[in-house]
$ cat my_file-v5.txt   # compact mmCIF, C-alpha atoms
# COMPACT_ATOMS: atom_id res chain seq x y z
CA MET D 26 138.85 119.48 93.74
CA ASP D 27 140.34 116.03 93.04
CA ARG D 28 137.70 113.57 91.89
CA TRP D 29 138.89 110.85 94.28
CA LYS D 30 138.32 113.19 97.22
CA GLN D 31 134.77 113.93 96.05
CA TYR D 32 133.83 110.30 95.57
CA GLY D 33 135.77 109.30 98.70
CA GLY D 34 133.70 111.78 100.71
CA LEU D 35 130.48 110.44 99.19
CA LEU D 36 131.58 106.85 99.85
CA GLY D 37 132.34 107.70 103.49
CA LEU D 38 128.89 109.23 103.87
CA ILE D 39 127.29 106.17 102.27
CA ILE D 40 129.15 103.74 104.56
CA VAL D 41 128.25 105.66 107.73
CA CYS D 42 124.58 106.09 106.79
CA PHE D 43 124.20 102.55 105.46
CA GLY D 44 125.75 101.11 108.65
CA ALA D 45 123.37 103.20 110.76
CA GLY D 46 120.48 102.05 108.57
CA LEU D 47 121.36 98.39 108.97
CA TRP D 48 121.57 98.78 112.74
CA GLY D 49 118.27 100.67 112.77
CA PHE D 50 116.63 97.98 110.66
CA THR D 51 117.60 95.11 112.93
CA SER D 52 117.03 96.98 116.18
CA THR D 53 113.55 98.26 115.42
CA GLY D 54 111.70 95.19 114.27
CA GLY D 55 113.33 93.93 111.07
CA ALA D 56 110.93 93.72 108.16
CA LEU D 57 108.03 95.44 109.94
CA PRO D 58 106.24 98.09 107.85
CA TRP D 59 107.18 101.61 108.89
CA ALA D 60 103.99 102.66 110.66
CA LYS D 61 103.83 99.42 112.69
CA ARG D 62 107.57 99.62 113.41
CA SER D 63 107.26 103.23 114.49
CA ALA D 64 104.32 102.58 116.83
CA GLN D 65 105.81 99.40 118.29
CA THR D 66 109.24 100.91 118.82
CA LEU D 67 107.98 104.08 120.46
CA GLN D 68 105.37 102.39 122.64
CA ARG D 69 107.27 99.37 123.85
CA GLY D 70 110.90 99.86 122.90
CA VAL D 71 113.17 97.74 120.80
CA GLN D 72 111.77 94.30 120.00
CA GLU D 73 113.26 91.16 118.52
CA SER D 74 113.86 91.51 114.82
CA GLY D 75 113.94 89.43 111.68
CA GLY D 76 112.89 89.38 108.05
CA GLU D 77 114.41 90.29 104.76
CA LEU D 78 116.13 93.55 104.01
CA ILE D 79 114.52 93.64 100.58
CA ASP D 80 111.12 91.97 100.24
CA VAL D 81 110.20 92.06 96.57
CA GLY D 82 107.07 89.98 97.23
CA ARG D 83 105.34 92.98 98.83
CA GLY D 84 105.56 94.98 95.64
CA ILE D 85 105.20 98.74 95.73
CA VAL D 86 102.03 99.62 97.61
CA VAL D 87 100.20 102.85 98.19
CA ALA D 88 100.15 104.08 101.81
CA GLY D 89 97.71 102.13 104.02
CA PRO D 90 95.24 104.92 104.91
CA ILE D 91 94.63 105.60 101.21
CA ARG D 92 94.50 101.97 100.10
CA LYS D 93 92.31 100.71 102.92
CA GLY D 94 90.11 103.81 102.90
CA GLY D 95 89.05 103.12 99.31
CA MET D 96 90.60 106.35 98.05
CA MET D 97 92.76 104.88 95.29
CA LEU D 98 90.71 106.57 92.55
CA GLU D 99 90.93 109.97 94.24
CA PHE D 100 94.65 109.48 94.86
CA THR D 101 95.33 108.53 91.26
CA GLY D 102 93.26 111.45 90.01
CA LEU D 103 95.11 113.87 92.27
CA VAL D 104 98.51 112.57 91.17
CA VAL D 105 97.55 112.79 87.49
CA LEU D 106 96.18 116.31 88.00
CA LEU D 107 99.32 117.49 89.80
CA ALA D 108 101.55 115.86 87.20
CA LEU D 109 99.60 117.49 84.34
CA VAL D 110 99.74 120.90 86.02
CA GLY D 111 103.47 120.46 86.57
CA VAL D 112 104.19 119.38 83.01
CA GLY D 113 101.88 122.12 81.70
CA LEU D 114 103.77 124.76 83.65
CA TYR D 115 107.06 123.35 82.42
CA VAL D 116 105.95 123.51 78.77
CA TYR D 117 104.48 126.98 79.30
CA VAL D 118 107.70 128.33 80.76
CA ASP D 119 109.77 126.63 78.08
CA ARG D 120 107.78 128.31 75.29
CA TYR D 121 107.04 131.61 76.99
CA HIS D 122 110.11 133.70 77.64
CA GLY D 123 107.93 136.57 78.66
CA PHE D 124 108.16 138.07 82.07
CA ASP D 125 111.75 139.25 82.18
CA GLU D 126 111.71 140.50 78.57
CA GLN D 127 108.37 142.28 79.05
CA GLU D 128 109.61 143.95 82.19
CA SER D 129 112.80 145.15 80.57
CA ALA D 130 110.86 146.35 77.49
CA ALA D 131 108.48 148.28 79.73
CA LYS D 132 111.42 149.95 81.43
CA MET B 204 112.34 110.08 104.07
CA ALA B 205 111.91 111.47 107.57
CA HIS B 206 108.22 111.87 108.36
CA ILE B 207 106.50 111.48 111.73
CA HIS B 208 103.81 108.83 111.29
CA LEU B 209 102.37 108.94 114.80
CA GLY B 210 98.60 109.31 115.11
CA GLU B 211 96.55 112.22 116.44
CA GLY B 212 97.06 112.79 120.16
CA SER B 213 100.48 111.16 120.27
CA PHE B 214 102.19 114.36 121.40
CA PRO B 215 101.28 116.33 124.54
CA LEU B 216 99.43 119.61 123.92
CA TRP B 217 102.38 121.87 124.74
CA ALA B 218 104.54 120.04 122.19
CA LEU B 219 101.81 120.29 119.57
CA ALA B 220 101.58 124.05 120.19
CA LEU B 221 105.37 124.43 120.12
CA TRP B 222 105.96 122.63 116.80
CA THR B 223 102.91 124.20 115.17
CA GLY B 224 104.10 127.64 116.28
CA LEU B 225 107.60 127.02 114.96
CA GLY B 226 106.19 125.69 111.69
CA ILE B 227 104.03 128.80 111.29
CA ALA B 228 107.02 131.03 112.08
CA LEU B 229 109.06 129.25 109.40
CA ILE B 230 106.34 129.65 106.79
CA ILE B 231 105.84 133.34 107.68
CA THR B 232 109.60 133.92 107.26
CA VAL B 233 109.63 132.06 103.94
CA VAL B 234 106.60 133.95 102.58
CA TYR B 235 108.13 137.28 103.67
CA HIS B 236 111.35 136.49 101.76
CA VAL B 237 109.45 135.22 98.72
CA ARG B 238 107.47 138.47 98.55
CA LYS B 239 110.59 140.55 99.11
CA GLU B 240 112.90 138.77 96.69
CA GLY B 241 110.36 137.55 94.13
CA ILE B 242 110.32 134.25 92.26
CA LYS B 243 111.45 133.57 88.70
CA THR B 244 108.88 132.02 86.36
CA HIS B 245 110.82 128.80 85.84
CA GLN B 246 111.02 128.32 89.61
CA ILE B 247 107.22 128.26 89.83
CA ALA B 248 107.11 125.53 87.19
CA LEU B 249 109.78 123.57 89.01
CA ALA B 250 107.91 124.00 92.28
CA GLY B 251 104.76 122.56 90.66
CA ILE B 252 106.58 119.57 89.28
CA GLY B 253 108.54 119.12 92.52
CA ALA B 254 105.38 119.19 94.64
CA ALA B 255 103.64 116.66 92.36
CA ALA B 256 106.63 114.31 92.33
CA SER B 257 107.20 114.62 96.06
CA PHE B 258 103.54 114.05 96.92
CA ALA B 259 103.29 110.99 94.66
CA ILE B 260 106.48 109.38 95.95
CA PHE B 261 105.35 110.14 99.53
CA GLN B 262 102.45 107.72 99.14
CA LEU B 263 104.38 104.78 97.71
CA ASN B 264 105.77 102.18 100.09
CA ILE B 265 108.86 100.56 98.60
CA PRO B 266 109.64 97.06 99.96
CA VAL B 267 113.13 97.88 101.19
CA TRP B 268 114.16 98.08 104.87
CA GLY B 269 110.73 96.77 105.85
CA GLY B 270 108.73 99.16 103.68
CA ILE B 271 109.73 102.80 103.37
CA HIS B 272 108.65 105.82 101.37
CA MET B 273 110.85 108.46 99.84
CA ASN B 274 110.28 112.23 100.00
CA LEU B 275 112.37 113.74 97.20
CA THR B 276 112.69 116.81 99.43
CA GLY B 277 116.45 116.92 98.81
CA LEU B 278 115.82 117.08 95.06
CA VAL B 279 113.06 119.65 95.57
CA GLY B 280 115.39 121.83 97.66
CA ILE B 281 118.20 121.67 95.08
CA LEU B 282 115.89 122.49 92.16
CA ALA B 283 113.36 124.91 93.66
CA GLY B 284 115.56 126.51 96.31
CA PRO B 285 115.15 126.75 100.08
CA LEU B 286 112.16 129.11 100.07
CA LEU B 287 109.95 127.25 97.62
CA GLY B 288 111.30 123.98 99.03
CA ALA B 289 109.86 124.86 102.44
CA LEU B 290 106.50 125.83 100.89
CA ILE B 291 106.43 122.57 98.92
CA ALA B 292 107.07 120.66 102.16
CA LEU B 293 104.01 122.35 103.67
CA VAL B 294 101.79 121.65 100.64
CA VAL B 295 102.84 117.99 100.39
CA ASN B 296 102.23 117.47 104.11
CA ILE B 297 98.78 119.08 103.93
CA PHE B 298 97.78 116.84 101.00
CA SER B 299 99.20 113.77 102.74
CA ALA B 300 97.47 114.54 106.06
CA ALA B 301 94.20 115.07 104.17
CA LEU B 302 94.55 111.53 102.84
CA GLY B 303 95.31 110.14 106.29
CA HIS B 304 99.06 109.81 105.84
CA GLY B 305 100.49 111.71 108.82
CA ALA B 306 98.44 113.39 111.53
CA VAL B 307 96.86 116.81 110.93
CA GLY B 308 98.04 117.88 114.39
CA LEU B 309 101.63 117.10 113.39
CA LEU B 310 101.57 119.29 110.26
CA GLY B 311 103.83 121.85 111.94
CA ALA B 312 106.37 119.24 113.08
CA ASN B 313 106.37 117.41 109.75
CA THR B 314 106.71 120.68 107.81
CA LEU B 315 109.72 121.60 109.95
CA VAL B 316 111.27 118.18 109.30
CA ASN B 317 110.75 118.17 105.53
CA ALA B 318 111.56 121.86 105.07
CA SER B 319 114.86 121.33 106.90
CA GLU B 320 115.70 118.58 104.40
CA ALA B 321 115.11 120.89 101.44
CA ILE B 322 116.97 123.82 103.01
CA VAL B 323 120.03 121.83 104.10
CA ALA B 324 120.20 120.00 100.74
CA TYR B 325 120.12 123.29 98.83
CA TYR B 326 122.88 124.97 100.82
CA ALA B 327 125.02 121.81 100.92
CA PHE B 328 124.70 121.45 97.13
CA ARG B 329 125.56 125.11 96.55
CA THR B 330 128.60 124.86 98.84
CA LEU B 331 129.89 121.68 97.19
CA VAL B 332 129.43 123.06 93.67
CA ARG B 333 131.33 126.20 94.69
CA MET B 334 134.09 123.90 95.97
CA ASP B 335 134.28 122.62 92.39
CA TRP B 336 132.68 119.22 93.03
CA ASP B 337 131.18 117.32 90.09
CA VAL B 338 127.39 117.44 89.91
CA PHE B 339 126.70 113.79 90.80
CA PRO B 340 128.74 113.53 94.02
CA ALA B 341 127.60 117.04 95.01
CA GLY B 342 123.91 116.21 94.41
CA ALA B 343 124.07 112.80 96.09
CA SER B 344 126.02 114.09 99.11
CA ALA B 345 123.86 117.19 99.50
CA ALA B 346 120.60 115.22 99.35
CA THR B 347 121.95 112.63 101.80
CA LEU B 348 123.06 115.38 104.19
CA GLY B 349 119.70 117.14 103.88
CA LEU B 350 117.73 113.97 104.53
CA SER B 351 120.01 113.10 107.46
CA ALA B 352 119.40 116.54 108.95
CA GLY B 353 115.65 115.98 108.61
CA ALA B 354 115.94 112.55 110.26
CA ILE B 355 117.90 114.00 113.18
CA LEU B 356 115.34 116.79 113.61
CA MET B 357 112.54 114.21 113.50
CA GLY B 358 114.21 112.18 116.24
CA ALA B 359 114.82 115.30 118.33
CA ILE B 360 111.17 116.38 118.00
CA ILE B 361 109.92 112.98 119.20
CA VAL B 362 112.37 112.77 122.11
CA VAL B 363 111.75 116.35 123.25
CA SER B 364 107.96 115.95 122.99
CA GLY B 365 107.64 112.47 124.48
CA VAL B 366 104.92 110.12 123.27
CA ASN B 367 101.54 109.92 125.02
CA GLY B 368 100.79 106.41 126.23
CA SER B 369 104.34 105.16 125.78
CA ALA B 370 105.57 102.85 128.50
CA LEU B 371 109.15 103.91 127.88
CA PRO B 372 111.08 106.26 130.13
CA ARG B 373 112.74 109.15 128.24
CA ALA B 374 116.17 107.44 128.11
CA ASP B 375 114.72 104.24 126.57
CA LEU B 376 112.61 106.32 124.21
CA THR B 377 115.80 108.03 123.04
CA VAL B 378 117.40 104.64 122.27
CA ALA B 379 114.28 103.51 120.41
CA VAL B 380 114.15 106.74 118.41
CA ALA B 381 117.86 106.35 117.62
CA GLY B 382 116.98 103.05 115.90
CA LEU B 383 114.36 104.80 113.76
CA LEU B 384 116.85 107.56 113.05
CA GLY B 385 119.45 105.00 111.94
CA LEU B 386 116.95 103.41 109.58
CA ASN B 387 116.21 106.83 108.09
CA LEU B 388 119.91 107.42 107.49
CA GLY B 389 120.12 104.15 105.53
CA VAL B 390 117.22 105.20 103.35
CA ALA B 391 118.70 108.69 102.96
CA VAL B 392 121.65 107.16 101.12
CA ILE B 393 119.40 105.42 98.59
CA GLU B 394 117.37 108.57 97.99
CA GLY B 395 120.55 110.65 97.91
CA ILE B 396 122.08 108.55 95.13
CA LEU B 397 118.84 108.72 93.11
CA THR B 398 118.81 112.49 93.59
CA GLY B 399 122.41 112.68 92.38
CA PHE B 400 121.50 110.91 89.14
CA VAL B 401 118.42 113.10 88.56
CA VAL B 402 120.36 116.33 89.17
CA GLN B 403 123.19 115.17 86.92
CA PHE B 404 120.71 114.37 84.15
CA LEU B 405 118.99 117.75 84.51
CA VAL B 406 122.31 119.58 84.42
CA SER B 407 123.25 117.75 81.23
CA VAL B 408 120.02 118.70 79.42
CA ARG B 409 118.87 121.94 81.10
CA PRO B 410 121.63 123.42 83.27
CA ASP B 411 119.62 126.64 83.57
CA LEU B 412 117.06 124.79 85.71
CA VAL B 413 119.57 123.93 88.42
CA GLY B 414 120.14 127.26 90.14
CA PRO B 415 123.44 126.76 91.99
CA VAL B 416 125.14 125.15 88.96
CA ASP B 417 123.80 127.82 86.60
CA ARG B 418 124.99 130.57 88.92
CA VAL B 419 128.50 129.14 89.26
CA GLY B 420 128.60 128.53 85.50
CA SER B 421 127.63 132.10 84.69
CA GLU B 422 130.22 133.40 87.17
CA GLU B 423 132.91 131.35 85.43
CA HIS B 424 131.75 132.18 81.90
CA PRO B 425 130.77 135.82 81.82
CA GLY B 426 130.02 135.64 78.11
CA VAL B 427 131.62 136.72 74.88
CA THR B 428 132.72 140.28 74.56
CA ALA B 429 133.44 142.09 71.37

$ encode --input "my_file-v5.txt" --output "C-alpha cells"
Amino acid sequence: MDRWKQYGGLLGLIIVCFGAGLWGFTSTGGALPWAKRSAQTLQRGVQESGGELIDVGRGIVVAGPIRKGGMMLEFTGLVVLLALVGVGLYVYVDRYHGFDEQESAAK
Amino acid sequence: MAHIHLGEGSFPLWALALWTGLGIALIITVVYHVRKEGIKTHQIALAGIGAAASFAIFQLNIPVWGGIHMNLTGLVGILAGPLLGALIALVVNIFSAALGHGAVGLLGANTLVNASEAIVAYYAFRTLVRMDWDVFPAGASAATLGLSAGAILMGAIIVVSGVNGSALPRADLTVAVAGLLGLNLGVAVIEGILTGFVVQFLVSVRPDLVGPVDRVGSEEHPGVTA
C-alpha cells in the first residue's frame, strides 16, 4: 500500500483522537488528577475546568494508594522481581532452543 | 489507558455480577483455547516481560492531561497475542487491585476493558500488516484502535451499570462519561505512537518475536530450495 495512505490514515486517527482528548480534558476538570476527575465527573457532572495540559512540576508519581499507603518498597521489589523474571525468561528462551527440537527428535 | 478507577460499591450488585460473570467467561474461553492450541516457549517469555512492563507502567502517573497512566496493553496484545494478552490483563489487574489501584469488585469489568484492548490491537495489527502496511504506522494505528476500543467499552460499562450515589440522571452521566472517554482517546494516541516505535524496534532486531510480521514474512519468503 502507498506510504502516504498509511501515514495519512494514522494522521487522521491521531487528529480525531487528539481532538476528542482535548475536549475531554477541558470538559472534565482540566488538570485534575484522574481519580479525582473520574469521581467528580461521575458524581456531579461536568465542572469548570482549567490548568495546564502538561504539568512537568508534578513529576512522574506512583499511584496514590501505593504511595500514601507506604508500600513503595513492596512496589519497587515487585517490579524488580517481575522485571528479573521477564528478562530471565527472555535470556533462557534465547539460549535454549529446546522444546520444538526435542519434540521433533522424539518423534 | 482505559481503567475504571471507581471505588468498591460504586456499581450496583447486578452490574457487578454481570461484569464479573462476563470476565470469567472470557478467561474460561481463553484458557480453553490456550490448552487446545498450546503456547510457544518464546510467547511465555514475552508474556512475562509484557506483564511486568504493563504492571509497572500501570502504577506511574505521568503529568500529561492532568495525570494519566499508560497500560501498554496494545503492545502486549501485538507481542503476546490475543490469548496471552487477555491473561496478562487479568494478572495485571489482580496485582493492581491488591495494591489498591482499582477496586477488587471491578476486576471482571477492568479485565474485560484491558483484554479488549489487547485483542483488538492484535487483530488490527495483523490486518494492517497483511494489507502491506509498514510496521510503525501499523503498530501505532493498531495500538490506538485497541486502546480506543477499550475506552469505549469502559464508557459503556459505566453508563450501563450506573454509579451508586451519583446525582446525575443517566443522560447526564452519559455526557460526563463521554468526556472521560474523549480524554482516554487523547492518551491512546500518545501510547499508540510509543507502541509503534517499540514494535518497529523489535521488528528490526528480532522479527521472530513479533508474530504477525514473522508470519507474513515467512509466507512471503518460503526459504531457499535446492

$ interface_residues --input "my_file-v5.txt" --of "chain D" --to "chain B" --cutoff "7 Å" --atoms "all atoms listed in the file" --output "ChimeraX atom specification"
/D:26,31-32,35,39,42-43,45-50,52-53,55-60,64,66-71,78-81,83-88,90-91,104,107-108,111-112,114-115,118

$ atom_distance --input "my_file-v5.txt" --atom1 "atom CA of B:Ile281" --atom2 "atom CA of B:Glu240"
18.0 Å

$ atom_distance --input "my_file-v5.txt" --atom1 "atom CA of B:Tyr235" --atom2 "atom CA of B:Pro410"
28.1 Å

$ atom_distance --input "my_file-v5.txt" --atom1 "atom CA of D:Ser63" --atom2 "atom CA of B:Asn317"
17.8 Å

$ residues_around --input "my_file-v5.txt" --residues "B:Ala346" --least-positions-apart "6" --cutoff "10 Å" --atoms "all atoms listed in the file" --output "PyMOL selection string"
chain B and resi 275-281+320-321+323-325+327-328+340+352+391-399

$ closest_residue --input "my_file-v5.txt" --among "B:Ile291, B:Leu216, B:Leu356, B:Leu350" --to "B:Leu315" --atoms "all atoms listed in the file"
B:Leu356

$ closest_residue --input "my_file-v5.txt" --among "B:Val402, B:Val413, B:Ser257, B:Ala289" --to "B:His236" --atoms "all atoms listed in the file"
B:Ala289

$ closest_residue --input "my_file-v5.txt" --among "B:Gly284, B:Gly311, B:Gly414, B:Gly349" --to "B:Gly224" --atoms "only C-alpha atoms"
B:Gly311

$ decode --input "my_file-v5.txt" --residues "stretch 339-406 of chain B" --atoms "C-alpha atoms" --output "PDB file, in the first residue's frame"
ATOM      1  CA  PHE B 339       5.397   1.718  12.503  1.00  0.00           C
ATOM      2  CA  PRO B 340       2.087   3.026  11.140  1.00  0.00           C
ATOM      3  CA  ALA B 341       0.555  -0.443  11.559  1.00  0.00           C
ATOM      4  CA  GLY B 342       1.727  -0.730  15.190  1.00  0.00           C
ATOM      5  CA  ALA B 343       0.756   2.829  16.122  1.00  0.00           C
ATOM      6  CA  SER B 344      -2.664   2.614  14.445  1.00  0.00           C
ATOM      7  CA  ALA B 345      -3.416  -0.841  15.839  1.00  0.00           C
ATOM      8  CA  ALA B 346      -2.498   0.147  19.396  1.00  0.00           C
ATOM      9  CA  THR B 347      -4.523   3.370  19.125  1.00  0.00           C
ATOM     10  CA  LEU B 348      -7.522   1.438  17.798  1.00  0.00           C
ATOM     11  CA  GLY B 349      -7.185  -1.174  20.547  1.00  0.00           C
ATOM     12  CA  LEU B 350      -6.957   1.429  23.290  1.00  0.00           C
ATOM     13  CA  SER B 351      -9.892   3.328  21.790  1.00  0.00           C
ATOM     14  CA  ALA B 352     -11.964   0.140  21.800  1.00  0.00           C
ATOM     15  CA  GLY B 353     -11.084  -0.365  25.469  1.00  0.00           C
ATOM     16  CA  ALA B 354     -12.034   3.236  26.271  1.00  0.00           C
ATOM     17  CA  ILE B 355     -15.394   2.854  24.530  1.00  0.00           C
ATOM     18  CA  LEU B 356     -16.068  -0.402  26.391  1.00  0.00           C
ATOM     19  CA  MET B 357     -15.122   1.293  29.667  1.00  0.00           C
ATOM     20  CA  GLY B 358     -17.584   4.108  28.989  1.00  0.00           C
ATOM     21  CA  ALA B 359     -20.310   1.643  28.011  1.00  0.00           C
ATOM     22  CA  ILE B 360     -19.781  -0.396  31.193  1.00  0.00           C
ATOM     23  CA  ILE B 361     -20.126   2.698  33.395  1.00  0.00           C
ATOM     24  CA  VAL B 362     -23.195   4.028  31.574  1.00  0.00           C
ATOM     25  CA  VAL B 363     -24.954   0.640  31.504  1.00  0.00           C
ATOM     26  CA  SER B 364     -24.177  -0.016  35.183  1.00  0.00           C
ATOM     27  CA  GLY B 365     -24.897   3.449  36.562  1.00  0.00           C
ATOM     28  CA  VAL B 366     -22.927   4.770  39.525  1.00  0.00           C
ATOM     29  CA  ASN B 367     -24.205   4.355  43.093  1.00  0.00           C
ATOM     30  CA  GLY B 368     -24.588   7.689  44.846  1.00  0.00           C
ATOM     31  CA  SER B 369     -24.318   9.737  41.674  1.00  0.00           C
ATOM     32  CA  ALA B 370     -26.650  12.704  41.485  1.00  0.00           C
ATOM     33  CA  LEU B 371     -26.667  12.543  37.704  1.00  0.00           C
ATOM     34  CA  PRO B 372     -29.551  11.188  35.663  1.00  0.00           C
ATOM     35  CA  ARG B 373     -28.479   8.561  33.074  1.00  0.00           C
ATOM     36  CA  ALA B 374     -28.407  11.076  30.181  1.00  0.00           C
ATOM     37  CA  ASP B 375     -26.108  13.480  32.075  1.00  0.00           C
ATOM     38  CA  LEU B 376     -23.981  10.564  33.219  1.00  0.00           C
ATOM     39  CA  THR B 377     -23.555   9.588  29.562  1.00  0.00           C
ATOM     40  CA  VAL B 378     -22.317  13.105  28.716  1.00  0.00           C
ATOM     41  CA  ALA B 379     -19.919  13.051  31.668  1.00  0.00           C
ATOM     42  CA  VAL B 380     -18.601   9.622  30.702  1.00  0.00           C
ATOM     43  CA  ALA B 381     -18.183  10.842  27.107  1.00  0.00           C
ATOM     44  CA  GLY B 382     -15.752  13.463  28.461  1.00  0.00           C
ATOM     45  CA  LEU B 383     -13.711  10.763  30.206  1.00  0.00           C
ATOM     46  CA  LEU B 384     -13.856   8.680  27.049  1.00  0.00           C
ATOM     47  CA  GLY B 385     -12.568  11.620  24.983  1.00  0.00           C
ATOM     48  CA  LEU B 386      -9.673  12.079  27.368  1.00  0.00           C
ATOM     49  CA  ASN B 387      -8.818   8.396  27.023  1.00  0.00           C
ATOM     50  CA  LEU B 388      -8.777   8.708  23.243  1.00  0.00           C
ATOM     51  CA  GLY B 389      -6.240  11.550  23.501  1.00  0.00           C
ATOM     52  CA  VAL B 390      -3.991   9.433  25.672  1.00  0.00           C
ATOM     53  CA  ALA B 391      -4.481   6.442  23.364  1.00  0.00           C
ATOM     54  CA  VAL B 392      -2.731   8.377  20.598  1.00  0.00           C
ATOM     55  CA  ILE B 393       0.344   9.021  22.759  1.00  0.00           C
ATOM     56  CA  GLU B 394       0.531   5.395  23.857  1.00  0.00           C
ATOM     57  CA  GLY B 395      -0.177   4.244  20.301  1.00  0.00           C
ATOM     58  CA  ILE B 396       2.767   6.185  18.882  1.00  0.00           C
ATOM     59  CA  LEU B 397       5.077   4.843  21.613  1.00  0.00           C
ATOM     60  CA  THR B 398       3.860   1.331  20.830  1.00  0.00           C
ATOM     61  CA  GLY B 399       4.578   1.897  17.136  1.00  0.00           C
ATOM     62  CA  PHE B 400       8.191   2.813  17.905  1.00  0.00           C
ATOM     63  CA  VAL B 401       8.673  -0.180  20.230  1.00  0.00           C
ATOM     64  CA  VAL B 402       7.219  -2.642  17.705  1.00  0.00           C
ATOM     65  CA  GLN B 403       9.310  -1.154  14.902  1.00  0.00           C
ATOM     66  CA  PHE B 404      12.452  -1.504  17.022  1.00  0.00           C
ATOM     67  CA  LEU B 405      11.622  -5.106  17.924  1.00  0.00           C
ATOM     68  CA  VAL B 406      10.965  -5.994  14.294  1.00  0.00           C
TER      69      VAL B 406
END
